file work-v8.cif (mmCIF, C-alpha atoms and all ligand atoms)
data_entry
loop_
_atom_site.label_atom_id
_atom_site.label_comp_id
_atom_site.auth_asym_id
_atom_site.auth_seq_id
_atom_site.Cartn_x
_atom_site.Cartn_y
_atom_site.Cartn_z
CA MET A 1 -18.12 -32.15 55.77
CA GLN A 2 -14.86 -34.08 55.67
CA ILE A 3 -12.13 -33.01 53.27
CA ALA A 4 -9.62 -35.65 52.12
CA LYS A 5 -6.48 -36.01 54.24
CA ARG A 6 -4.30 -35.35 51.21
CA ILE A 7 -5.81 -31.87 51.03
CA GLU A 8 -5.91 -31.28 54.77
CA ASN A 9 -2.18 -32.02 54.96
CA LEU A 10 -1.41 -29.77 52.00
CA PRO A 11 0.22 -26.46 52.93
CA PRO A 12 -1.09 -23.40 51.10
CA TYR A 13 1.04 -22.69 48.01
CA LEU A 14 3.94 -20.42 48.90
CA PHE A 15 2.73 -17.37 47.04
CA VAL A 16 -0.81 -17.63 48.36
CA THR A 17 0.47 -16.76 51.84
CA ILE A 18 2.64 -13.93 50.53
CA SER A 19 -0.19 -12.49 48.41
CA ARG A 20 -2.44 -12.49 51.47
CA LYS A 21 0.12 -10.51 53.49
CA ILE A 22 0.50 -7.98 50.69
CA ALA A 23 -3.30 -7.61 50.39
CA GLU A 24 -3.60 -6.96 54.13
CA LYS A 25 -1.00 -4.20 54.01
CA ARG A 26 -2.52 -2.63 50.91
CA ALA A 27 -5.96 -2.71 52.54
CA ARG A 28 -4.50 -0.61 55.33
CA GLY A 29 -3.46 1.92 52.68
CA GLU A 30 0.25 1.04 52.78
CA GLU A 31 2.14 0.89 49.52
CA VAL A 32 3.93 -2.41 49.12
CA ILE A 33 6.59 -3.11 46.52
CA SER A 34 6.90 -6.77 45.68
CA PHE A 35 9.98 -8.60 44.49
CA GLY A 36 8.01 -11.78 45.22
CA ILE A 37 6.57 -13.84 42.42
CA GLY A 38 8.36 -14.39 39.09
CA ASP A 39 5.72 -13.21 36.67
CA PRO A 40 6.93 -11.07 33.76
CA ASP A 41 5.57 -7.51 34.00
CA LEU A 42 6.16 -6.86 30.30
CA ALA A 43 3.38 -7.47 27.79
CA THR A 44 3.14 -10.50 25.50
CA PRO A 45 4.65 -9.40 22.14
CA SER A 46 1.91 -7.87 19.98
CA HIS A 47 2.28 -10.21 16.97
CA ILE A 48 1.43 -13.12 19.33
CA ILE A 49 -1.66 -11.32 20.68
CA GLU A 50 -2.78 -10.49 17.15
CA ARG A 51 -2.62 -14.16 16.20
CA LEU A 52 -4.58 -15.02 19.36
CA CYS A 53 -7.33 -12.49 18.56
CA GLN A 54 -7.58 -13.67 14.98
CA ALA A 55 -7.79 -17.32 16.08
CA ALA A 56 -10.37 -16.48 18.75
CA LYS A 57 -12.74 -15.21 16.03
CA ASP A 58 -12.59 -18.48 14.09
CA PRO A 59 -15.45 -20.83 15.18
CA ALA A 60 -13.16 -23.81 14.42
CA ASN A 61 -11.33 -22.81 17.58
CA HIS A 62 -14.42 -22.62 19.77
CA ARG A 63 -14.72 -26.36 20.25
CA TYR A 64 -12.96 -28.92 22.46
CA PRO A 65 -9.30 -29.09 21.58
CA GLU A 66 -7.50 -32.46 21.36
CA SER A 67 -5.75 -33.06 24.67
CA GLU A 68 -2.53 -34.02 22.85
CA GLY A 69 -2.36 -30.58 21.21
CA LEU A 70 -2.66 -29.38 17.61
CA PRO A 71 -0.26 -31.08 15.19
CA GLU A 72 1.00 -27.63 14.10
CA LEU A 73 1.92 -26.78 17.70
CA ARG A 74 3.77 -30.06 18.23
CA GLN A 75 5.52 -29.44 14.91
CA ALA A 76 6.45 -25.89 15.94
CA ILE A 77 7.87 -27.14 19.23
CA ALA A 78 9.97 -29.79 17.47
CA GLN A 79 11.22 -27.22 14.97
CA TRP A 80 12.09 -24.78 17.74
CA TYR A 81 14.11 -27.43 19.59
CA GLN A 82 15.92 -28.25 16.35
CA GLN A 83 16.80 -24.64 15.64
CA ARG A 84 17.59 -23.58 19.18
CA PHE A 85 19.34 -26.66 20.58
CA ASP A 86 20.05 -28.85 17.53
CA VAL A 87 17.88 -31.51 19.20
CA GLY A 88 15.67 -33.62 16.92
CA LEU A 89 12.21 -34.57 18.22
CA ASP A 90 9.38 -36.62 16.76
CA PRO A 91 6.39 -34.24 17.02
CA ASN A 92 3.98 -37.17 17.39
CA ALA A 93 5.74 -39.23 20.04
CA GLU A 94 8.24 -36.97 21.76
CA VAL A 95 6.32 -33.70 22.19
CA LEU A 96 3.31 -32.94 24.39
CA PRO A 97 1.88 -29.42 24.83
CA LEU A 98 0.73 -28.61 28.36
CA ILE A 99 -1.70 -26.18 30.00
CA GLY A 100 1.36 -24.37 31.33
CA SER A 101 4.30 -26.52 32.39
CA LYS A 102 3.19 -26.49 36.04
CA GLU A 103 0.25 -28.65 35.00
CA GLY A 104 2.48 -31.34 33.47
CA ILE A 105 5.06 -31.15 36.26
CA GLY A 106 2.29 -31.68 38.80
CA HIS A 107 0.64 -34.55 36.95
CA LEU A 108 3.83 -36.42 36.06
CA ALA A 109 4.18 -37.82 39.60
CA TRP A 110 0.93 -39.76 39.09
CA CYS A 111 2.34 -41.30 35.92
CA LEU A 112 5.73 -42.38 37.21
CA LEU A 113 5.50 -42.96 40.95
CA ASN A 114 3.89 -45.80 42.86
CA PRO A 115 3.06 -45.32 46.54
CA GLY A 116 6.26 -45.64 48.56
CA ASP A 117 8.57 -44.77 45.65
CA VAL A 118 11.13 -42.04 46.06
CA ALA A 119 11.56 -38.89 43.97
CA LEU A 120 14.92 -37.15 44.23
CA VAL A 121 14.07 -33.47 44.61
CA PRO A 122 16.50 -30.57 44.83
CA ASP A 123 16.35 -28.29 47.84
CA PRO A 124 15.74 -25.38 47.44
CA ALA A 125 13.37 -25.86 44.48
CA TYR A 126 10.14 -24.93 42.77
CA PRO A 127 7.63 -26.37 45.29
CA VAL A 128 5.60 -28.40 42.76
CA TYR A 129 8.18 -31.25 42.48
CA SER A 130 7.81 -32.28 46.11
CA ILE A 131 4.12 -31.45 46.53
CA SER A 132 3.13 -33.59 43.53
CA THR A 133 5.33 -36.40 44.86
CA THR A 134 3.51 -36.33 48.18
CA LEU A 135 0.11 -36.16 46.46
CA ALA A 136 0.99 -39.38 44.62
CA ASP A 137 1.77 -41.04 48.00
CA ALA A 138 5.45 -41.17 47.13
CA GLU A 139 8.31 -39.67 49.10
CA PRO A 140 10.59 -36.79 48.21
CA TYR A 141 14.26 -37.28 49.12
CA TYR A 142 15.92 -33.88 49.17
CA LEU A 143 19.21 -33.15 47.45
CA PRO A 144 20.63 -29.98 49.00
CA LEU A 145 21.93 -27.43 46.48
CA ARG A 146 24.93 -25.76 48.08
CA PRO A 147 26.76 -22.65 46.96
CA GLU A 148 30.12 -24.46 47.20
CA ASN A 149 28.87 -26.91 44.52
CA GLY A 150 27.54 -24.12 42.32
CA TYR A 151 24.01 -25.14 43.42
CA LEU A 152 24.29 -28.46 41.60
CA PRO A 153 23.12 -31.57 43.49
CA ASP A 154 25.78 -33.99 44.78
CA LEU A 155 24.50 -37.13 43.08
CA GLY A 156 27.27 -39.23 44.60
CA ALA A 157 25.96 -38.49 48.10
CA VAL A 158 22.60 -40.24 47.68
CA PRO A 159 22.59 -43.37 49.90
CA GLN A 160 22.16 -46.77 48.25
CA THR A 161 18.94 -47.50 50.19
CA ILE A 162 17.40 -44.39 48.62
CA LEU A 163 18.77 -45.16 45.15
CA ASP A 164 17.08 -48.57 45.36
CA ARG A 165 13.68 -46.86 45.75
CA ALA A 166 14.27 -43.76 43.61
CA LYS A 167 12.24 -43.62 40.41
CA ILE A 168 12.72 -40.03 39.28
CA LEU A 169 15.17 -37.15 39.62
CA TRP A 170 14.07 -33.52 39.30
CA ILE A 171 16.54 -30.88 38.17
CA CYS A 172 16.06 -27.28 37.02
CA TYR A 173 18.66 -25.13 35.20
CA PRO A 174 18.84 -22.18 34.85
CA ASN A 175 17.67 -22.60 38.41
CA ASN A 176 14.73 -21.17 40.22
CA PRO A 177 15.24 -19.94 42.96
CA THR A 178 19.07 -19.63 43.03
CA GLY A 179 19.71 -18.34 39.50
CA ALA A 180 22.48 -20.96 39.12
CA VAL A 181 23.25 -22.49 35.73
CA ALA A 182 24.45 -25.95 34.62
CA ASP A 183 26.65 -26.88 31.69
CA THR A 184 26.30 -29.92 29.41
CA ALA A 185 29.05 -31.71 31.37
CA PHE A 186 26.69 -31.72 34.37
CA PHE A 187 23.84 -33.00 32.18
CA ASP A 188 26.17 -35.77 30.93
CA ARG A 189 26.81 -36.81 34.55
CA VAL A 190 23.06 -36.82 35.18
CA VAL A 191 22.47 -39.12 32.20
CA ALA A 192 25.18 -41.54 33.44
CA PHE A 193 23.68 -41.48 36.96
CA ALA A 194 20.19 -42.13 35.58
CA LYS A 195 21.38 -45.06 33.46
CA GLN A 196 23.34 -46.58 36.31
CA HIS A 197 20.44 -46.46 38.76
CA ASP A 198 17.49 -46.74 36.38
CA ILE A 199 16.08 -43.35 37.29
CA ILE A 200 13.95 -41.12 35.06
CA VAL A 201 15.25 -37.57 34.75
CA CYS A 202 12.76 -34.71 34.70
CA HIS A 203 14.47 -31.49 33.74
CA ASP A 204 12.46 -28.32 34.25
CA GLY A 205 13.88 -25.64 31.99
CA PRO A 206 11.58 -22.62 31.63
CA TYR A 207 14.52 -20.17 31.85
CA THR A 208 16.76 -21.32 28.99
CA GLU A 209 15.80 -18.19 27.02
CA VAL A 210 16.17 -15.75 29.91
CA ALA A 211 19.91 -15.19 30.08
CA TYR A 212 22.44 -12.38 30.27
CA ASP A 213 25.80 -11.20 29.03
CA GLY A 214 25.47 -13.30 25.87
CA TYR A 215 25.20 -16.60 27.78
CA ARG A 216 23.10 -19.32 26.07
CA PRO A 217 21.88 -21.99 28.53
CA PRO A 218 21.87 -25.56 27.20
CA SER A 219 18.95 -28.00 27.04
CA PHE A 220 19.17 -31.24 29.02
CA LEU A 221 18.34 -33.04 25.78
CA GLN A 222 21.66 -31.94 24.31
CA ALA A 223 23.39 -34.48 26.56
CA VAL A 224 24.10 -37.72 24.70
CA GLY A 225 21.50 -40.35 25.67
CA ALA A 226 19.25 -37.84 27.49
CA LYS A 227 16.17 -38.89 25.56
CA GLU A 228 16.66 -42.49 26.69
CA VAL A 229 16.43 -41.49 30.35
CA GLY A 230 14.23 -38.47 30.60
CA VAL A 231 12.18 -35.50 29.58
CA GLU A 232 12.44 -31.74 29.64
CA PHE A 233 9.67 -29.35 30.60
CA HIS A 234 9.62 -25.99 28.90
CA SER A 235 7.26 -23.08 28.89
CA LEU A 236 6.25 -20.08 26.87
CA SER A 237 5.48 -18.26 30.12
CA LYS A 238 8.85 -16.75 30.90
CA SER A 239 10.34 -16.49 27.40
CA TYR A 240 7.38 -14.75 25.78
CA ASN A 241 5.68 -13.12 28.80
CA MET A 242 2.79 -15.54 28.45
CA THR A 243 2.22 -16.66 32.05
CA GLY A 244 -1.45 -15.67 31.81
CA TRP A 245 -2.14 -17.71 28.67
CA ARG A 246 -1.07 -21.07 30.12
CA VAL A 247 0.93 -22.91 27.55
CA GLY A 248 4.03 -25.04 27.97
CA MET A 249 5.36 -28.40 26.85
CA VAL A 250 7.20 -31.54 27.79
CA VAL A 251 9.57 -33.16 25.30
CA GLY A 252 11.86 -36.17 25.20
CA ASN A 253 11.39 -39.81 26.17
CA SER A 254 8.36 -41.20 24.32
CA GLN A 255 7.36 -43.65 27.07
CA VAL A 256 7.16 -40.87 29.63
CA ILE A 257 5.34 -38.60 27.17
CA ASP A 258 2.89 -41.38 26.37
CA ALA A 259 2.16 -42.01 30.06
CA LEU A 260 1.40 -38.32 30.65
CA LYS A 261 -0.69 -38.17 27.48
CA ARG A 262 -2.85 -41.08 28.68
CA PHE A 263 -3.24 -39.51 32.10
CA LYS A 264 -4.13 -36.08 30.75
CA SER A 265 -6.58 -37.37 28.14
CA ASN A 266 -8.62 -38.72 31.05
CA LEU A 267 -8.49 -35.50 33.04
CA ASP A 268 -8.34 -32.44 30.83
CA SER A 269 -9.44 -31.45 27.37
CA GLY A 270 -6.37 -29.62 26.22
CA ILE A 271 -5.27 -26.04 25.70
CA PRO A 272 -7.78 -23.64 24.09
CA GLN A 273 -6.92 -23.73 20.40
CA ALA A 274 -6.56 -19.98 19.97
CA ILE A 275 -3.84 -20.11 22.62
CA GLN A 276 -2.16 -23.02 20.87
CA LEU A 277 -2.07 -21.02 17.64
CA ALA A 278 -0.67 -18.03 19.52
CA ALA A 279 2.03 -20.39 20.84
CA VAL A 280 2.85 -21.46 17.26
CA GLU A 281 3.27 -17.79 16.40
CA ALA A 282 5.50 -17.26 19.44
CA LEU A 283 7.80 -20.17 18.55
CA THR A 284 7.97 -19.60 14.79
CA GLY A 285 7.56 -15.80 14.52
CA PRO A 286 10.15 -13.06 15.06
CA GLN A 287 12.32 -13.65 18.15
CA ASP A 288 13.84 -10.17 18.48
CA GLU A 289 11.76 -9.20 21.53
CA LEU A 290 13.53 -11.90 23.53
CA THR A 291 16.74 -9.92 23.32
CA LEU A 292 14.97 -6.66 24.17
CA HIS A 293 13.39 -8.23 27.25
CA ASN A 294 16.62 -9.83 28.37
CA ASN A 295 18.34 -6.47 28.08
CA ILE A 296 15.70 -4.95 30.35
CA TYR A 297 16.07 -7.75 32.91
CA GLN A 298 19.86 -7.51 32.73
CA ARG A 299 19.75 -3.81 33.57
CA ARG A 300 17.41 -4.51 36.48
CA ARG A 301 19.65 -7.35 37.63
CA ASP A 302 22.68 -5.07 37.68
CA LEU A 303 20.86 -2.38 39.66
CA MET A 304 19.50 -4.90 42.12
CA VAL A 305 22.78 -6.70 42.71
CA GLU A 306 24.55 -3.39 43.20
CA THR A 307 21.97 -2.27 45.78
CA LEU A 308 22.07 -5.56 47.68
CA ARG A 309 25.87 -5.55 47.75
CA ASP A 310 25.81 -1.96 49.03
CA MET A 311 23.57 -3.20 51.82
CA GLY A 312 26.34 -5.63 52.71
CA LEU A 313 24.52 -8.72 51.45
CA GLU A 314 26.36 -11.52 49.72
CA VAL A 315 24.92 -12.00 46.22
CA LEU A 316 26.03 -13.80 43.08
CA LEU A 317 25.40 -12.14 39.73
CA PRO A 318 23.01 -14.58 38.01
CA LYS A 319 23.88 -15.47 34.39
CA ALA A 320 20.27 -16.49 33.72
CA SER A 321 16.75 -16.77 35.23
CA LEU A 322 14.60 -13.99 36.63
CA TYR A 323 15.98 -14.20 40.16
CA VAL A 324 18.58 -12.81 42.49
CA TRP A 325 19.43 -15.09 45.42
CA ALA A 326 20.79 -13.10 48.34
CA LYS A 327 22.26 -14.21 51.64
CA VAL A 328 20.49 -12.60 54.59
CA PRO A 329 22.56 -10.41 56.92
CA PRO A 330 24.03 -11.90 60.11
CA GLY A 331 21.51 -12.14 62.92
CA TYR A 332 18.53 -12.92 60.68
CA ASP A 333 16.94 -16.04 59.29
CA SER A 334 15.09 -16.06 55.95
CA ALA A 335 11.60 -15.53 57.34
CA GLY A 336 12.78 -12.95 59.87
CA PHE A 337 14.60 -10.92 57.24
CA ALA A 338 11.66 -11.08 54.82
CA SER A 339 9.18 -9.89 57.47
CA GLU A 340 11.63 -7.20 58.64
CA LEU A 341 11.76 -5.80 55.10
CA LEU A 342 7.99 -5.98 54.73
CA GLU A 343 7.32 -4.32 58.09
CA GLN A 344 10.08 -1.70 57.99
CA VAL A 345 10.17 -0.63 54.35
CA GLY A 346 7.15 -2.27 52.70
CA VAL A 347 9.21 -4.46 50.41
CA VAL A 348 8.33 -8.09 49.69
CA VAL A 349 11.09 -10.64 49.13
CA THR A 350 10.54 -14.41 49.21
CA PRO A 351 12.15 -16.28 52.11
CA GLY A 352 14.49 -19.00 50.81
CA THR A 353 12.82 -21.50 53.15
CA GLY A 354 9.71 -21.27 50.96
CA TYR A 355 11.69 -23.43 48.53
CA GLY A 356 12.96 -25.94 51.10
CA LYS A 357 15.02 -26.23 54.27
CA ALA A 358 18.30 -25.67 52.44
CA GLY A 359 17.00 -22.25 51.39
CA GLU A 360 17.47 -21.10 54.99
CA GLY A 361 19.70 -18.05 55.19
CA TYR A 362 18.64 -16.71 51.78
CA VAL A 363 15.92 -14.63 50.20
CA ARG A 364 14.89 -14.51 46.55
CA LEU A 365 14.16 -11.32 44.65
CA SER A 366 12.43 -11.37 41.29
CA LEU A 367 13.34 -9.08 38.37
CA THR A 368 9.79 -9.05 36.99
CA ILE A 369 8.78 -5.67 38.33
CA PRO A 370 8.34 -2.47 36.30
CA ASP A 371 11.41 -0.21 36.26
CA ALA A 372 9.83 2.61 38.28
CA SER A 373 8.74 0.26 41.07
CA LEU A 374 12.08 -1.49 40.95
CA VAL A 375 13.95 1.76 41.49
CA LYS A 376 11.61 2.73 44.31
CA GLY A 377 11.88 -0.70 45.92
CA LEU A 378 15.66 -0.65 45.70
CA SER A 379 15.89 2.80 47.24
CA ARG A 380 13.70 1.58 50.11
CA LEU A 381 16.08 -1.34 50.57
CA SER A 382 19.03 1.06 50.65
CA ALA A 383 17.23 3.10 53.29
CA TRP A 384 16.81 -0.04 55.38
CA LYS A 385 20.58 -0.38 55.56
CA GLY A 386 20.47 2.74 57.73
CA THR A 387 18.11 1.04 60.17
CA LEU A 388 20.46 -1.90 60.47
CA GLY A 389 23.41 0.44 61.02
CA ARG A 390 21.61 2.27 63.85
CA SER A 391 20.46 -0.91 65.57
CA LYS A 392 24.01 -2.25 65.40
CA ASN A 393 25.41 0.82 67.09
CA ARG A 394 22.89 0.77 69.90
C1 LIG A 401 7.55 -20.42 36.24
C2 LIG A 401 8.03 -21.79 36.45
C3 LIG A 401 7.31 -22.90 35.95
C4 LIG A 401 5.88 -22.82 35.46
O1 LIG A 401 5.66 -22.27 34.31
P1 LIG A 401 4.23 -22.36 33.62
O2 LIG A 401 4.54 -22.89 32.29
O3 LIG A 401 3.71 -20.98 33.63
O4 LIG A 401 3.34 -23.29 34.40
C5 LIG A 401 7.86 -24.15 36.08
N1 LIG A 401 9.03 -24.33 36.69
C6 LIG A 401 9.72 -23.31 37.21
C7 LIG A 401 11.02 -23.58 37.87
C8 LIG A 401 9.24 -22.02 37.12
O5 LIG A 401 9.92 -21.02 37.67
#
call {"tool": "encode", "arguments": {"input": "work-v8.cif", "output": "structure tokens"}}
result
Amino acid sequence: MQIAKRIENLPPYLFVTISRKIAEKRARGEEVISFGIGDPDLATPSHIIERLCQAAKDPANHRYPESEGLPELRQAIAQWYQQRFDVGLDPNAEVLPLIGSKEGIGHLAWCLLNPGDVALVPDPAYPVYSISTTLADAEPYYLPLRPENGYLPDLGAVPQTILDRAKILWICYPNNPTGAVADTAFFDRVVAFAKQHDIIVCHDGPYTEVAYDGYRPPSFLQAVGAKEVGVEFHSLSKSYNMTGWRVGMVVGNSQVIDALKRFKSNLDSGIPQAIQLAAVEALTGPQDELTLHNNIYQRRRDLMVETLRDMGLEVLLPKASLYVWAKVPPGYDSAGFASELLEQVGVVVTPGTGYGKAGEGYVRLSLTIPDASLVKGLSRLSAWKGTLGRSKNR
């Protein structure tokens, strides 16, 4: 049997490798505490689940959904954008529900990139931007995100030969994996850059609702002219603890939305309707649990940052996202430090290099772990500091 080259050349998804390592350790009876994947540990709010159960019992929802999504979901998304960001959207032309935003992010490359085109992709980043680019026979050109630039890409540093071939630009704020945030002034610069070089902007923003200390992250679409040059992906996964239900959306430029709609209508048959109705409930129902959840994450963030700083690691306090991005101690690289923590204290952190070359020297820790495990994991990390101290003195 011969598998296609595009699959043979595909690396296993980052977390597949990590999950395998954890499973091996657990099979040996070792307890592993994982700060790996960003998957909310808290339950989906109960009013959303009740709507889902009710909708599941209605035979009208047992049939093929429309791949473009229920009108009431597109309406709810448009209304949510209006209320939250003061951004007006046409629910028929500028809104497309997705089977989780990863699905749309992955498929968009096929809609916008011809073989040989370039996609500008931040580094480090969510791996799907570059993988989908490669799958569409296009080329990622990496824009390093550096701490001295606040983890924003230096758009002025892209060479003209690349700009000539670049069709799309990926950005993501609040950022996974660095936890960095962007203001509307940055988004304004992105719009100007996109107009000047005829580049489509794809902003991935699943963390706009996961923020701390009263900070309210902006939408890319709040920048003047944003809708002319791009789209924004959003998700119910992180805001409403709905990663398992698979529902997200892309909003903005109608030509881009239309291209993805045509592509998807040929490939998938939409989001199960009961889940779409649960999503309507999430977006239009009471929002108070968002604050409760953010308060929980904020407390975890504070504990984690304090522990890491006590270990002597350099860490910024993230204003948003579910992640803490920590510099590894001198003498280690990302992978070495991550395996050291796994082997010595049974704690999983994600090596920064899993998100790109520029992630070297960092590890990412996720806040989506129950309080009791978090406390245990952090105390194991503190204990590791002792090991480092002893080895230094030897
Ligand atoms: C979690 C995440 C997503 C995917 O969210 P789904 O809607 O669950 O597919 C997309 N982008 C980034 C940066 C993420 O961290």
call {"tool": "residues_around", "arguments": {"input": "work-v8.cif", "residues": "Ala60 in chain A", "least_positions_apart": "5", "cutoff": "10 Å", "atoms": "all atoms listed in the file", "output": "ChimeraX atom specification"}}
result
/A:55,65,273-274
call {"tool": "atom_distance", "arguments": {"input": "work-v8.cif", "atom1": "CA of Leu283 in chain A", "atom2": "CA of Lys227 in chain A"}}
result
21.7 Å
call {"tool": "residues_around", "arguments": {"input": "work-v8.cif", "residues": "Val231 in chain A", "least_positions_apart": "4", "cutoff": "8 Å", "atoms": "only C-alpha atoms", "output": "PyMOL selection string"}}
result
chain A and resi 201-203+221+226-227+250-253+256-257
call {"tool": "residues_around", "arguments": {"input": "work-v8.cif", "residues": "Arg300 in chain A", "least_positions_apart": "5", "cutoff": "9 Å", "atoms": "all atoms listed in the file", "output": "list in words"}}
result
Asn295, Val305, Leu367, Thr368, Ile369, Asp371, Leu374 and Val375 of chain A
call {"tool": "write_last_selection", "arguments": {"input": "work-v8.cif", "atoms": "C-alpha atoms", "output": "short mmCIF file (atom, residue, chain, number, x, y, z; two decimals), keeping the file's coordinate frame"}}
result
data_model
loop_
_atom_site.label_atom_id
_atom_site.label_comp_id
_atom_site.auth_asym_id
_atom_site.auth_seq_id
_atom_site.Cartn_x
_atom_site.Cartn_y
_atom_site.Cartn_z
CA ASN A 295 18.34 -6.47 28.08
CA VAL A 305 22.78 -6.70 42.71
CA LEU A 367 13.34 -9.08 38.37
CA THR A 368 9.79 -9.05 36.99
CA ILE A 369 8.78 -5.67 38.33
CA ASP A 371 11.41 -0.21 36.26
CA LEU A 374 12.08 -1.49 40.95
CA VAL A 375 13.95 1.76 41.49
#
call {"tool": "residues_near_ligand", "arguments": {"input": "work-v8.cif", "ligand": "ligand LIG 401 (chain A)", "cutoff": "7 Å", "atoms": "only C-alpha atoms and all ligand atoms", "output": "VMD selection string"}}
result
chain A and resid 38 100 to 103 126 172 175 to 176 204 to 206 234 to 238 243 246 to 248
call {"tool": "closest_residue", "arguments": {"input": "work-v8.cif", "among": "A:Ala383, A:Val95, A:Ala279, A:Ala338", "to": "Asp310 in chain A", "atoms": "all atoms listed in the file"}}
result
A:Ala383
call {"tool": "atom_distance", "arguments": {"input": "work-v8.cif", "atom1": "CA of Asp333 in chain A", "atom2": "CA of Ile18 in chain A"}}
result
16.9 Å
call {"tool": "residues_around", "arguments": {"input": "work-v8.cif", "residues": "Leu70 in chain A", "least_positions_apart": "6", "cutoff": "12 Å", "atoms": "all atoms listed in the file", "output": "PDB file with C-alpha atoms, in the coordinates of the input"}}
result
ATOM      1  CA  ASN A  61     -11.330 -22.810  17.580  1.00  0.00           C
ATOM      2  CA  TYR A  64     -12.960 -28.920  22.460  1.00  0.00           C
ATOM      3  CA  ALA A  76       6.450 -25.890  15.940  1.00  0.00           C
ATOM      4  CA  ILE A  77       7.870 -27.140  19.230  1.00  0.00           C
ATOM      5  CA  PRO A  91       6.390 -34.240  17.020  1.00  0.00           C
ATOM      6  CA  ASN A  92       3.980 -37.170  17.390  1.00  0.00           C
ATOM      7  CA  VAL A  95       6.320 -33.700  22.190  1.00  0.00           C
ATOM      8  CA  LEU A  96       3.310 -32.940  24.390  1.00  0.00           C
ATOM      9  CA  PRO A  97       1.880 -29.420  24.830  1.00  0.00           C
ATOM     10  CA  LEU A  98       0.730 -28.610  28.360  1.00  0.00           C
ATOM     11  CA  GLY A 270      -6.370 -29.620  26.220  1.00  0.00           C
ATOM     12  CA  ILE A 271      -5.270 -26.040  25.700  1.00  0.00           C
ATOM     13  CA  PRO A 272      -7.780 -23.640  24.090  1.00  0.00           C
ATOM     14  CA  GLN A 273      -6.920 -23.730  20.400  1.00  0.00           C
ATOM     15  CA  ALA A 274      -6.560 -19.980  19.970  1.00  0.00           C
ATOM     16  CA  ILE A 275      -3.840 -20.110  22.620  1.00  0.00           C
ATOM     17  CA  GLN A 276      -2.160 -23.020  20.870  1.00  0.00           C
ATOM     18  CA  LEU A 277      -2.070 -21.020  17.640  1.00  0.00           C
ATOM     19  CA  ALA A 278      -0.670 -18.030  19.520  1.00  0.00           C
ATOM     20  CA  ALA A 279       2.030 -20.390  20.840  1.00  0.00           C
ATOM     21  CA  VAL A 280       2.850 -21.460  17.260  1.00  0.00           C
TER      22      VAL A 280
END
call {"tool": "residues_near_point", "arguments": {"input": "work-v8.cif", "point": "(8.4, -5.5, 46.7)", "cutoff": "9 Å", "atoms": "all atoms listed in the file", "output": "ChimeraX atom specification"}}
result
/A:32-36,342,346-349,365-366,369,373-374,377-378
